[in-house]
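Worksheet for the structure shown next.
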Amino acid sequence: MNERELLMIPGPIEFDPAVIRAMTVHLPGHMAPDFIQVFGRALDGLKQVFLAPEDSQPFVVAGSGTLAMDMAAANLIEPGDRALVVNTGFFSDRFAAICARYGATVDQLTAELGDVVPMEQIADSLARHKYKLVTVTHVDTSTGVRMDVSELGRIARQNGALSVVDGVCATAGEEFRQAGWDIDIYLTASQKAVGVPPGLALLVASRQALEAFQARKTPVANYYADWANWLPIMQAYQARRPSYFATPAVNLVAALDVSVGQILAEGMEARFRRHQVISDAFKAAITALELKQVPVRPEIAANTLTAIYYPDGVDAGLLGRIRKHGVVVAGGLHPRIRDRYFRVGHMGVVSASDVLATVGAIERALAESGYALKEGDGLAAAQSILTAL
Ligand code: PMP
């Protein structure tokens, strides 16, 4: 492994050295006073990153983003409930499977490839049937499409459904206001824009979501994910008291505490804007190189990643050539177009220089692949936008 490679995939991302260092300091154990402070602060900080309501409940549990999805479904769904899954790609398919696993009857509203599902269509479905919950993938990592979820919470609430948003490829990069938008569950994983190595499932639940959990008639069918086990633990750490259900990933929690501190020091508004400018600059470069993106309209393209079709005559061999120039990007993920496109992540600590390095590497690799381009066109387009940072 070349330690000077620049990792530009949609997670895991490049991590700040201070975050990595936090994982290596001596940690006395999950009941020690120092760790109690660290965990309590990380939980409180997470609510601020999510711009979550005062009475919401954060959960930080060892596991990946899929566990956060599992936790939402396991705790909210009872056999026979109806769930609406807004499907924009690969990870929406996964949410449908998880909801079904806990006994839900799942209806899906499936977007055209590279497109979103209009909010009116979601409102229509929610009005037609009694749904326990509706799930939306904020940014679909397989297509680079972002759903506008600013109205989702209110529409779900009006129809008596809980709103669940998978923010794994969005949280701490894309604008999101859990309180302002009245979203019941926002969930993510540590390894993306939150900026912590893989291994933590992060979720914030609204008061209404917790009430729905408390009103369950049947036990949660997943022992590890059961909020009955985790709620007292999270509340204890928030009150700066030790507590134990299952051993927390202490090193990762220490890293989360540092990363959340960095995110809040930057400020959420500044952070949303930086991701927007970085994304605009990278996408301008891609357009200047006459490459086509998977999202069918610019306004639904995510700020955290870009999904790009290979031009005619170029295939996945491009990825190896980009890597030779020191930058790692990702291949396709959506089963229908897997071999026809690649993905570039730009979230977390990503800088203007990272964007330029990536565009430069892509330009050189395209030229080596026989694609006719004027080297420097992409760089110039990116530079002209990056001045806004
Ligand atoms: N949802 C989305 C939108 C994702 O991008 C991912 C991971 N790429 C997941 C869920 C699953 O997360 P994990 O791989 O951490 O389990």
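Lettering and numbering for the structure tokens are positional, with chains as A, B, ... in the shown order, residues counted from 1 in each chain, and ligands counted from 1 in the shown order.
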task: Please check which protein, DNA or RNA residues sit within 7 Å of ligand 1, counting only C-alpha atoms and all ligand atoms, and write them as an MDAnalysis selection string.
output: chainID A and resid 11 64:67 91 137 139:141 166:169 189 198
Sorted per-residue table, stretch 148-246 of chain A near stretch 274-288 of chain A, closest atoms and distance, 12 Å, only C-alpha atoms, as a tab-separated table:
residue	atom	partner	partner_atom	distance
A:Ala170	CA	A:His275	CA	10.3
A:Thr171	CA	A:His275	CA	11.3
A:Ala172	CA	A:His275	CA	9.3
A:Gly173	CA	A:His275	CA	5.9
A:Glu174	CA	A:His275	CA	7.2
A:Glu175	CA	A:His275	CA	9.3
A:Ala193	CA	A:His275	CA	9.7
Export of the given selection (C-alpha atoms) as a short mmCIF file (atom, residue, chain, number, x, y, z; two decimals), in the first residue's frame:
data_model
loop_
_atom_site.label_atom_id
_atom_site.label_comp_id
_atom_site.auth_asym_id
_atom_site.auth_seq_id
_atom_site.Cartn_x
_atom_site.Cartn_y
_atom_site.Cartn_z
CA ALA A 170 -24.49 12.67 3.47
CA THR A 171 -24.33 13.46 7.20
CA ALA A 172 -21.93 16.29 8.09
CA GLY A 173 -21.49 17.12 4.40
CA GLU A 174 -24.95 17.81 2.99
CA GLU A 175 -27.29 20.35 4.53
CA ALA A 193 -18.24 12.84 6.14
#
query: Looking only at the backbone, which of the residues in stretch 150-299 of chain A does DSSP tag as alpha helix (DSSP H), as a PyMOL selection string?
result: chain A and resi 152-158+207-214+227-238+250-266+268-288
query: Using only C-alpha atoms, which of the listed residues (A:Leu200, A:Val116, A:Met268, A:Val194) sits closest to A:Gln48?
result: A:Met268
task: Measuring atom to atom with only C-alpha atoms, identify which of A:Arg273, A:Arg177, A:Arg340, A:Arg207 is nearest to A:Val49.
output: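 Among the listed residues, the smallest separation from A:Val49 belongs to A:Arg177.
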With DSSP run on the backbone, what are the strand (DSSP E or B) residues within stretch 104-321 of chain A? I'd like them as an mmCIF file with all heavy atoms, in the first residue's frame.
data_model
loop_
_atom_site.group_PDB
_atom_site.id
_atom_site.type_symbol
_atom_site.label_atom_id
_atom_site.label_comp_id
_atom_site.auth_asym_id
_atom_site.auth_seq_id
_atom_site.Cartn_x
_atom_site.Cartn_y
_atom_site.Cartn_z
ATOM 1 N N THR A 105 -44.715 -5.072 5.804
ATOM 2 C CA THR A 105 -45.136 -5.131 4.411
ATOM 3 C C THR A 105 -44.520 -3.903 3.764
ATOM 4 O O THR A 105 -44.770 -2.777 4.193
ATOM 5 C CB THR A 105 -46.680 -5.037 4.320
ATOM 6 O OG1 THR A 105 -47.212 -6.111 5.078
ATOM 7 C CG2 THR A 105 -47.159 -5.090 2.890
ATOM 8 N N VAL A 106 -43.666 -4.119 2.764
ATOM 9 C CA VAL A 106 -42.893 -3.000 2.207
ATOM 10 C C VAL A 106 -43.443 -2.599 0.838
ATOM 11 O O VAL A 106 -43.568 -3.430 -0.057
ATOM 12 C CB VAL A 106 -41.402 -3.387 2.082
ATOM 13 C CG1 VAL A 106 -40.608 -2.248 1.461
ATOM 14 C CG2 VAL A 106 -40.836 -3.760 3.447
ATOM 15 N N ASP A 107 -43.787 -1.325 0.717
ATOM 16 C CA ASP A 107 -44.107 -0.756 -0.597
ATOM 17 C C ASP A 107 -42.917 0.103 -1.015
ATOM 18 O O ASP A 107 -42.308 0.754 -0.162
ATOM 19 C CB ASP A 107 -45.349 0.138 -0.520
ATOM 20 C CG ASP A 107 -46.599 -0.661 -0.185
ATOM 21 O OD1 ASP A 107 -46.619 -1.876 -0.467
ATOM 22 O OD2 ASP A 107 -47.540 -0.066 0.369
ATOM 23 N N GLN A 108 -42.629 0.124 -2.296
ATOM 24 C CA GLN A 108 -41.493 0.939 -2.746
ATOM 25 C C GLN A 108 -41.917 1.918 -3.829
ATOM 26 O O GLN A 108 -42.720 1.583 -4.704
ATOM 27 C CB GLN A 108 -40.382 0.039 -3.303
ATOM 28 C CG GLN A 108 -39.850 -0.932 -2.267
ATOM 29 C CD GLN A 108 -38.490 -1.486 -2.655
ATOM 30 O OE1 GLN A 108 -37.569 -0.734 -2.951
ATOM 31 N NE2 GLN A 108 -38.377 -2.795 -2.652
ATOM 32 N N LEU A 109 -41.355 3.105 -3.746
ATOM 33 C CA LEU A 109 -41.489 4.089 -4.813
ATOM 34 C C LEU A 109 -40.101 4.180 -5.438
ATOM 35 O O LEU A 109 -39.167 4.685 -4.811
ATOM 36 C CB LEU A 109 -41.895 5.452 -4.258
ATOM 37 C CG LEU A 109 -43.271 5.541 -3.612
ATOM 38 C CD1 LEU A 109 -43.466 6.903 -2.955
ATOM 39 C CD2 LEU A 109 -44.359 5.290 -4.660
ATOM 40 N N THR A 110 -39.955 3.656 -6.622
ATOM 41 C CA THR A 110 -38.621 3.525 -7.199
ATOM 42 C C THR A 110 -38.366 4.590 -8.261
ATOM 43 O O THR A 110 -39.149 4.743 -9.201
ATOM 44 C CB THR A 110 -38.440 2.113 -7.789
ATOM 45 O OG1 THR A 110 -38.667 1.177 -6.721
ATOM 46 C CG2 THR A 110 -37.043 1.895 -8.339
ATOM 47 N N LEU A 133 -43.672 3.821 8.895
ATOM 48 C CA LEU A 133 -42.529 4.696 8.600
ATOM 49 C C LEU A 133 -42.267 4.764 7.103
ATOM 50 O O LEU A 133 -42.704 3.911 6.323
ATOM 51 C CB LEU A 133 -41.275 4.233 9.363
ATOM 52 C CG LEU A 133 -40.757 2.819 9.165
ATOM 53 C CD1 LEU A 133 -39.928 2.673 7.902
ATOM 54 C CD2 LEU A 133 -39.890 2.439 10.368
ATOM 55 N N VAL A 134 -41.524 5.835 6.752
ATOM 56 C CA VAL A 134 -41.065 5.999 5.380
ATOM 57 C C VAL A 134 -39.546 6.176 5.440
ATOM 58 O O VAL A 134 -39.043 6.887 6.302
ATOM 59 C CB VAL A 134 -41.765 7.196 4.680
ATOM 60 C CG1 VAL A 134 -41.700 8.472 5.508
ATOM 61 C CG2 VAL A 134 -41.179 7.460 3.287
ATOM 62 N N THR A 135 -38.834 5.472 4.569
ATOM 63 C CA THR A 135 -37.370 5.625 4.540
ATOM 64 C C THR A 135 -36.933 6.306 3.240
ATOM 65 O O THR A 135 -37.497 6.036 2.173
ATOM 66 C CB THR A 135 -36.619 4.274 4.645
ATOM 67 O OG1 THR A 135 -36.710 3.585 3.393
ATOM 68 C CG2 THR A 135 -37.163 3.392 5.751
ATOM 69 N N VAL A 136 -35.950 7.165 3.385
ATOM 70 C CA VAL A 136 -35.360 7.838 2.223
ATOM 71 C C VAL A 136 -33.840 7.783 2.365
ATOM 72 O O VAL A 136 -33.311 7.975 3.460
ATOM 73 C CB VAL A 136 -35.817 9.318 2.141
ATOM 74 C CG1 VAL A 136 -35.066 10.061 1.044
ATOM 75 C CG2 VAL A 136 -37.320 9.421 1.909
ATOM 76 N N THR A 137 -33.144 7.505 1.272
ATOM 77 C CA THR A 137 -31.675 7.582 1.268
ATOM 78 C C THR A 137 -31.309 9.017 0.898
ATOM 79 O O THR A 137 -31.618 9.463 -0.214
ATOM 80 C CB THR A 137 -31.090 6.607 0.233
ATOM 81 O OG1 THR A 137 -31.676 5.314 0.435
ATOM 82 C CG2 THR A 137 -29.585 6.509 0.369
ATOM 83 N N VAL A 139 -28.357 10.683 0.385
ATOM 84 C CA VAL A 139 -27.522 10.636 -0.824
ATOM 85 C C VAL A 139 -27.344 9.174 -1.185
ATOM 86 O O VAL A 139 -26.860 8.392 -0.367
ATOM 87 C CB VAL A 139 -26.147 11.291 -0.597
ATOM 88 C CG1 VAL A 139 -25.194 10.951 -1.743
ATOM 89 C CG2 VAL A 139 -26.284 12.804 -0.475
ATOM 90 N N ASP A 140 -27.743 8.820 -2.387
ATOM 91 C CA ASP A 140 -27.562 7.440 -2.816
ATOM 92 C C ASP A 140 -26.139 7.268 -3.354
ATOM 93 O O ASP A 140 -25.776 7.848 -4.383
ATOM 94 C CB ASP A 140 -28.584 7.052 -3.881
ATOM 95 C CG ASP A 140 -28.578 5.549 -4.036
ATOM 96 O OD1 ASP A 140 -27.586 5.012 -4.604
ATOM 97 O OD2 ASP A 140 -29.503 4.903 -3.530
ATOM 98 N N VAL A 145 -27.051 10.601 -6.412
ATOM 99 C CA VAL A 145 -28.270 11.419 -6.386
ATOM 100 C C VAL A 145 -28.608 11.811 -4.943
ATOM 101 O O VAL A 145 -28.486 11.000 -4.033
ATOM 102 C CB VAL A 145 -29.445 10.616 -7.002
ATOM 103 C CG1 VAL A 145 -30.788 11.174 -6.577
ATOM 104 C CG2 VAL A 145 -29.323 10.593 -8.511
ATOM 105 N N ARG A 146 -29.013 13.059 -4.767
ATOM 106 C CA ARG A 146 -29.445 13.525 -3.438
ATOM 107 C C ARG A 146 -30.946 13.831 -3.453
ATOM 108 O O ARG A 146 -31.442 14.515 -4.347
ATOM 109 C CB ARG A 146 -28.689 14.810 -3.057
ATOM 110 C CG ARG A 146 -29.127 15.390 -1.700
ATOM 111 C CD ARG A 146 -28.485 16.742 -1.426
ATOM 112 N NE ARG A 146 -28.788 17.689 -2.488
ATOM 113 C CZ ARG A 146 -27.895 18.486 -3.063
ATOM 114 N NH1 ARG A 146 -26.650 18.466 -2.680
ATOM 115 N NH2 ARG A 146 -28.253 19.303 -4.044
ATOM 116 N N LEU A 162 -43.625 7.817 10.622
ATOM 117 C CA LEU A 162 -42.311 8.283 11.076
ATOM 118 C C LEU A 162 -41.395 8.403 9.854
ATOM 119 O O LEU A 162 -41.475 7.583 8.933
ATOM 120 C CB LEU A 162 -41.712 7.282 12.070
ATOM 121 C CG LEU A 162 -42.483 7.112 13.377
ATOM 122 C CD1 LEU A 162 -42.015 5.857 14.120
ATOM 123 C CD2 LEU A 162 -42.328 8.348 14.272
ATOM 124 N N SER A 163 -40.527 9.414 9.876
ATOM 125 C CA SER A 163 -39.590 9.590 8.756
ATOM 126 C C SER A 163 -38.201 9.124 9.169
ATOM 127 O O SER A 163 -37.707 9.473 10.238
ATOM 128 C CB SER A 163 -39.549 11.061 8.339
ATOM 129 O OG SER A 163 -39.258 11.881 9.452
ATOM 130 N N VAL A 164 -37.595 8.317 8.313
ATOM 131 C CA VAL A 164 -36.272 7.754 8.581
ATOM 132 C C VAL A 164 -35.371 8.091 7.394
ATOM 133 O O VAL A 164 -35.678 7.729 6.253
ATOM 134 C CB VAL A 164 -36.356 6.207 8.742
ATOM 135 C CG1 VAL A 164 -34.970 5.612 8.958
ATOM 136 C CG2 VAL A 164 -37.303 5.845 9.882
ATOM 137 N N VAL A 165 -34.281 8.791 7.664
ATOM 138 C CA VAL A 165 -33.391 9.190 6.568
ATOM 139 C C VAL A 165 -32.016 8.547 6.757
ATOM 140 O O VAL A 165 -31.375 8.711 7.798
ATOM 141 C CB VAL A 165 -33.278 10.729 6.469
ATOM 142 C CG1 VAL A 165 -32.303 11.120 5.358
ATOM 143 C CG2 VAL A 165 -34.652 11.357 6.224
ATOM 144 N N ASP A 166 -31.597 7.795 5.739
ATOM 145 C CA ASP A 166 -30.265 7.192 5.716
ATOM 146 C C ASP A 166 -29.292 8.260 5.225
ATOM 147 O O ASP A 166 -29.266 8.605 4.047
ATOM 148 C CB ASP A 166 -30.287 5.974 4.775
ATOM 149 C CG ASP A 166 -28.881 5.433 4.479
ATOM 150 O OD1 ASP A 166 -27.892 6.020 4.951
ATOM 151 O OD2 ASP A 166 -28.800 4.425 3.760
ATOM 152 N N ILE A 185 -35.733 9.976 12.381
ATOM 153 C CA ILE A 185 -34.450 9.279 12.538
ATOM 154 C C ILE A 185 -33.498 9.759 11.453
ATOM 155 O O ILE A 185 -33.838 9.733 10.260
ATOM 156 C CB ILE A 185 -34.604 7.742 12.338
ATOM 157 C CG1 ILE A 185 -35.648 7.143 13.276
ATOM 158 C CG2 ILE A 185 -33.241 7.056 12.454
ATOM 159 C CD1 ILE A 185 -35.126 6.647 14.577
ATOM 160 N N TYR A 186 -32.311 10.190 11.882
ATOM 161 C CA TYR A 186 -31.234 10.431 10.922
ATOM 162 C C TYR A 186 -30.102 9.515 11.351
ATOM 163 O O TYR A 186 -29.756 9.453 12.534
ATOM 164 C CB TYR A 186 -30.802 11.891 10.940
ATOM 165 C CG TYR A 186 -30.011 12.329 9.717
ATOM 166 C CD1 TYR A 186 -30.381 11.942 8.432
ATOM 167 C CD2 TYR A 186 -28.896 13.154 9.843
ATOM 168 C CE1 TYR A 186 -29.667 12.361 7.306
ATOM 169 C CE2 TYR A 186 -28.177 13.589 8.719
ATOM 170 C CZ TYR A 186 -28.570 13.183 7.459
ATOM 171 O OH TYR A 186 -27.870 13.603 6.350
ATOM 172 N N LEU A 187 -29.553 8.781 10.411
ATOM 173 C CA LEU A 187 -28.536 7.793 10.778
ATOM 174 C C LEU A 187 -27.368 7.861 9.815
ATOM 175 O O LEU A 187 -27.501 8.254 8.659
ATOM 176 C CB LEU A 187 -29.156 6.392 10.790
ATOM 177 C CG LEU A 187 -29.703 5.846 9.466
ATOM 178 C CD1 LEU A 187 -28.636 5.100 8.667
ATOM 179 C CD2 LEU A 187 -30.886 4.935 9.730
ATOM 180 N N THR A 188 -26.211 7.481 10.339
ATOM 181 C CA THR A 188 -25.033 7.448 9.483
ATOM 182 C C THR A 188 -24.002 6.472 10.049
ATOM 183 O O THR A 188 -24.268 5.757 11.031
ATOM 184 C CB THR A 188 -24.443 8.853 9.290
ATOM 185 O OG1 THR A 188 -23.429 8.817 8.276
ATOM 186 C CG2 THR A 188 -23.823 9.410 10.564
ATOM 187 N N ALA A 189 -22.837 6.448 9.409
ATOM 188 C CA ALA A 189 -21.711 5.628 9.865
ATOM 189 C C ALA A 189 -20.531 6.565 10.063
ATOM 190 O O ALA A 189 -20.503 7.666 9.526
ATOM 191 C CB ALA A 189 -21.400 4.569 8.815
ATOM 192 N N LEU A 200 -18.351 2.666 13.688
ATOM 193 C CA LEU A 200 -19.406 3.180 14.556
ATOM 194 C C LEU A 200 -20.683 3.422 13.751
ATOM 195 O O LEU A 200 -20.646 4.040 12.683
ATOM 196 C CB LEU A 200 -18.995 4.508 15.211
ATOM 197 C CG LEU A 200 -17.888 4.461 16.264
ATOM 198 C CD1 LEU A 200 -17.585 5.861 16.764
ATOM 199 C CD2 LEU A 200 -18.261 3.540 17.423
ATOM 200 N N ALA A 201 -21.797 2.936 14.301
ATOM 201 C CA ALA A 201 -23.126 3.274 13.784
ATOM 202 C C ALA A 201 -23.628 4.456 14.597
ATOM 203 O O ALA A 201 -23.589 4.429 15.834
ATOM 204 C CB ALA A 201 -24.061 2.079 13.933
ATOM 205 N N LEU A 202 -24.090 5.502 13.914
ATOM 206 C CA LEU A 202 -24.525 6.736 14.582
ATOM 207 C C LEU A 202 -25.976 7.008 14.204
ATOM 208 O O LEU A 202 -26.330 6.928 13.016
ATOM 209 C CB LEU A 202 -23.653 7.914 14.128
ATOM 210 C CG LEU A 202 -22.132 7.693 14.125
ATOM 211 C CD1 LEU A 202 -21.416 8.863 13.453
ATOM 212 C CD2 LEU A 202 -21.620 7.527 15.547
ATOM 213 N N LEU A 203 -26.783 7.327 15.197
ATOM 214 C CA LEU A 203 -28.207 7.529 14.927
ATOM 215 C C LEU A 203 -28.763 8.502 15.954
ATOM 216 O O LEU A 203 -28.411 8.433 17.131
ATOM 217 C CB LEU A 203 -28.907 6.164 15.024
ATOM 218 C CG LEU A 203 -30.398 6.031 14.791
ATOM 219 C CD1 LEU A 203 -30.715 4.621 14.275
ATOM 220 C CD2 LEU A 203 -31.223 6.318 16.026
ATOM 221 N N VAL A 204 -29.620 9.414 15.502
ATOM 222 C CA VAL A 204 -30.336 10.283 16.446
ATOM 223 C C VAL A 204 -31.832 10.094 16.213
ATOM 224 O O VAL A 204 -32.313 10.197 15.076
ATOM 225 C CB VAL A 204 -29.926 11.766 16.302
ATOM 226 C CG1 VAL A 204 -30.765 12.651 17.234
ATOM 227 C CG2 VAL A 204 -28.432 11.953 16.623
ATOM 228 N N ALA A 205 -32.538 9.789 17.311
ATOM 229 C CA ALA A 205 -33.977 9.513 17.241
ATOM 230 C C ALA A 205 -34.755 10.652 17.888
ATOM 231 O O ALA A 205 -34.368 11.155 18.947
ATOM 232 C CB ALA A 205 -34.292 8.203 17.956
ATOM 233 N N GLN A 293 -22.491 12.802 -16.147
ATOM 234 C CA GLN A 293 -22.723 12.291 -14.789
ATOM 235 C C GLN A 293 -23.983 11.420 -14.728
ATOM 236 O O GLN A 293 -24.882 11.566 -15.553
ATOM 237 C CB GLN A 293 -22.856 13.453 -13.811
ATOM 238 C CG GLN A 293 -21.549 14.227 -13.639
ATOM 239 C CD GLN A 293 -21.729 15.469 -12.788
ATOM 240 O OE1 GLN A 293 -22.368 15.415 -11.754
ATOM 241 N NE2 GLN A 293 -21.166 16.578 -13.243
ATOM 242 N N ALA A 301 -27.803 16.374 -7.927
ATOM 243 C CA ALA A 301 -26.497 15.715 -7.732
ATOM 244 C C ALA A 301 -25.962 16.061 -6.343
ATOM 245 O O ALA A 301 -26.018 17.210 -5.907
ATOM 246 C CB ALA A 301 -25.520 16.164 -8.805
ATOM 247 N N LEU A 305 -20.298 13.268 -3.317
ATOM 248 C CA LEU A 305 -19.621 12.440 -4.321
ATOM 249 C C LEU A 305 -20.097 12.800 -5.711
ATOM 250 O O LEU A 305 -21.113 13.490 -5.867
ATOM 251 C CB LEU A 305 -19.847 10.944 -4.069
ATOM 252 C CG LEU A 305 -21.130 10.293 -4.592
ATOM 253 C CD1 LEU A 305 -20.897 8.808 -4.839
ATOM 254 C CD2 LEU A 305 -22.273 10.480 -3.624
ATOM 255 N N THR A 306 -19.343 12.324 -6.717
ATOM 256 C CA THR A 306 -19.735 12.520 -8.110
ATOM 257 C C THR A 306 -19.659 11.162 -8.807
ATOM 258 O O THR A 306 -18.669 10.434 -8.655
ATOM 259 C CB THR A 306 -18.795 13.538 -8.807
ATOM 260 O OG1 THR A 306 -18.805 14.751 -8.052
ATOM 261 C CG2 THR A 306 -19.253 13.833 -10.226
ATOM 262 N N ALA A 307 -20.725 10.827 -9.528
ATOM 263 C CA ALA A 307 -20.789 9.561 -10.274
ATOM 264 C C ALA A 307 -20.699 9.900 -11.759
ATOM 265 O O ALA A 307 -21.504 10.683 -12.273
ATOM 266 C CB ALA A 307 -22.083 8.828 -9.956
ATOM 267 N N ILE A 308 -19.698 9.329 -12.434
ATOM 268 C CA ILE A 308 -19.322 9.771 -13.791
ATOM 269 C C ILE A 308 -19.290 8.582 -14.751
ATOM 270 O O ILE A 308 -18.630 7.572 -14.462
ATOM 271 C CB ILE A 308 -17.907 10.403 -13.739
ATOM 272 C CG1 ILE A 308 -17.824 11.470 -12.648
ATOM 273 C CG2 ILE A 308 -17.505 10.954 -15.104
ATOM 274 C CD1 ILE A 308 -16.448 11.593 -12.017
ATOM 275 N N TYR A 309 -19.979 8.709 -15.882
ATOM 276 C CA TYR A 309 -19.893 7.653 -16.907
ATOM 277 C C TYR A 309 -18.533 7.701 -17.586
ATOM 278 O O TYR A 309 -17.992 8.783 -17.849
ATOM 279 C CB TYR A 309 -20.984 7.856 -17.964
ATOM 280 C CG TYR A 309 -22.377 7.472 -17.492
ATOM 281 C CD1 TYR A 309 -23.340 8.451 -17.246
ATOM 282 C CD2 TYR A 309 -22.724 6.139 -17.299
ATOM 283 C CE1 TYR A 309 -24.621 8.103 -16.806
ATOM 284 C CE2 TYR A 309 -23.995 5.784 -16.869
ATOM 285 C CZ TYR A 309 -24.939 6.760 -16.623
ATOM 286 O OH TYR A 309 -26.189 6.416 -16.190
#
Exercise: A:Ala372 partners within 12 Å, only C-alpha atoms, chain neighbours under 2 positions left out, as a ChimeraX atom specification: /A:289-291,311-314,363-370,374-375,377
task: Extract, using only C-alpha atoms, all DNA, RNA and protein residues at most 7 Å from stretch 315-332 of chain A, discarding same-chain residues fewer than 2 positions from it, and format them as a list in words.
output: Glu5, Leu6, Leu7, Met8, Ile9, Tyr310, Gly313, His334, Arg338, Asp339, Tyr341, Phe342, Arg343, Val344, Thr358, Ala361, Ile362, Ala365, Leu366 and Ser369 of chain A
